[in-house]
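A.B. asks: Structure in structure tokens, see below.
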Amino acid sequence: MISKVKNAMSTLVGGMMPHGHHHHPGAGQHCPGDSLPPRFPYGRPDFLELTPELLQYSTEHASRPVLTLKRGTRLPWRTGYAEVINAGKSMLNEDQASCEKLFVKKPSGKHRNSTLLEDNGDGTGIPMHFWGVFDGHAGSGAAIMASKLLHRLIRDRLGEICHLLENPNSAPPICLAKNGNAYQVDSKKGAPQEPEDPDAVCDSTLRFHMEKTVSLESLIMGVIETAFKQMDDLIEKEKASYAISGGCCALAAIHLMGKLYVANAGDSRAIIIRNNEVIPMTNEFTPESERQRLQYLGFLRPELLGNEFTHIEFPRRIQHNEVGKKMLYRDHTMTGWAYKTIIEDDLKFPLIYGEGKKARVMATIGVTRGLGDHDLKVYNSNIYIKPFLSCVPEVMVYNLDENKHGSNDVLVMGTDGLWDVTTDREVADAVSAYLSCCDPSDPMRYSLAAQDVLMRSRGVLKERGWRLPNERLGSGDDITVFVVPLAGGELET
């Protein structure tokens, strides 16, 4: 087990083939996807409009060029964007991004059973704006696939409740008939009666008070959550036919009917900057933040630990000669620490080990939510890690219509490469300072602000690596940044 742990992290770092495979040198495990074609070819986001020469240039680890929108390229809401490759931890940039304007409409008879279709461009339906950043690990296959399809899945699921979105002042019906209309509990006169349920509540007044009112906002949140699960299922299903490497953290922002829904599964982050105030729109999901959920699963399903791990956490590894002594510990029921007598079973490797950015699940992965990773195993073992990883995002809602926004009020979305070395406040100050010096009519101002804050996190190349102005290490990770003006809808019109 010790040798497995020593080598576990090396399996996540290394070269990646251009079609999205992740190479595990000496891993000794056959990858069934090696002979399959990629689901989508490797590339950078389409809106960057990179030539093959620029795509090659973007992979330069020595210079780490910053890529941003071409002058003249317009994203919805005048959105700004910038990205940079890592300092050498993987051959290619494993981050991906998407920015789309779509239209939600009730599926027609022709396409009722079809999903993932491109918008037909007729501009009819309820407008929906989507921004997504996908931080890939162990390859870019899952991140590329999610960046191409997640927004369409969300649009399609919203299309199924389009008739409810068109009546936002009415609470969603509790039950829908097969045709999608509200199902009436009281049978029509002359209609065949259902056999009575002896346990049913007969008093109609009592039944009314037992019914829970669900808001349209909550319904939209649930649609987004289920679309993430559908995306994860689709990745698993299509792995039978295509090479889809690795997994990814997924952060998406959806603007629909005056509200911004920010959905996060992983350790990417989004903040709103309004009147220089910072409003966090995400929480990070890491082995430390989700310790109790992971430990509880290990407690309930010990077979998932493969007789190699213990769900109990200790401040350090236990030595053989400490069996019988008392040591600090905590389990899934505890937020604090207590003492327990060490037994032989406690000598197994902890399910969660390490602190901060070095914390890992099963000595392998440092995030606990995301998409993909269906084949991820503990190094040189048959223990799958996927059961401990959740694809369900946390969704936060910001009501744009309830607040007035100036041209410097923005949503900043970034992969963890941005936030590893820069705090929310530092990002907010940098973006606000840059925008206040920009010509408000410059269509590139938000991309230039994204580029500026990205370069602050990347740093400058010196003899001892990439360094920030205070000589601390800059971010060596891939970095992807969106800067979205909250008044973008007004700017667009």
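Naming scheme: A, B, ... for chains in displayed order of the structure tokens; residues 1 onward per chain; ligands 1 onward as shown.
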Do you know which residues are at most 10 Å from A:Ile224 counting only C-alpha atoms, after dropping those on the same chain fewer than 6 positions away, and could you put them as JSON, numbers by chain?

C.D. replies: {"A": [150, 151, 153, 154, 155, 157, 158, 218, 230, 252, 254, 261, 262, 263, 392, 393, 394, 395]}

A.B. asks: List as a PyMOL selection string the protein and nucleic acid residues near A:Ile126, meaning an atom at most 8 Å away when only C-alpha atoms are counted, but skip any in the same chain fewer than 5 places from it.

C.D. replies: chain A and resi 103-105+256-257

A.B. asks: Given the choices A:Pro172, A:Pro315, A:Pro65, A:Gly356, which gets closest to A:Asn86 if the distance is worked out from only C-alpha atoms?

C.D. replies: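 Using only C-alpha atoms, A:Asn86 sits closest to A:Pro65.
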
A.B. asks: Quick check for you: according to DSSP on this backbone, which residues of stretch 330-475 of chain A are classed as strand (DSSP E)? Reply as a VMD selection string.

C.D. replies: chain A and resid 338 to 341 349 to 350 352 to 353 360 to 361 371 to 372 394 to 399 410 to 414 460 to 462 465 to 467

A.B. asks: Write out, as a Markdown table, each residue of stretch 386-487 of chain A that has an atom at most 12 Å from stretch 299-314 of chain A, together with the closest pair of atoms and their distance in Å to one decimal, counting only C-alpha atoms, rows going by chain and rising number.

C.D. replies:
| residue | atom | partner | partner_atom | distance |
| --- | --- | --- | --- | --- |
| A:Lys386 | CA | A:Leu304 | CA | 9.9 |
| A:Pro387 | CA | A:Leu304 | CA | 7.7 |
| A:Phe388 | CA | A:Leu304 | CA | 8.8 |

A.B. asks: Just the residues within 9 Å of stretch 69-83 of chain A, please, counting only C-alpha atoms, with nothing from its chain fewer than 2 positions along; format it as a ChimeraX atom specification.

C.D. replies: /A:47-49,65-67,85,95,99-101,129,443-452,454,478-492
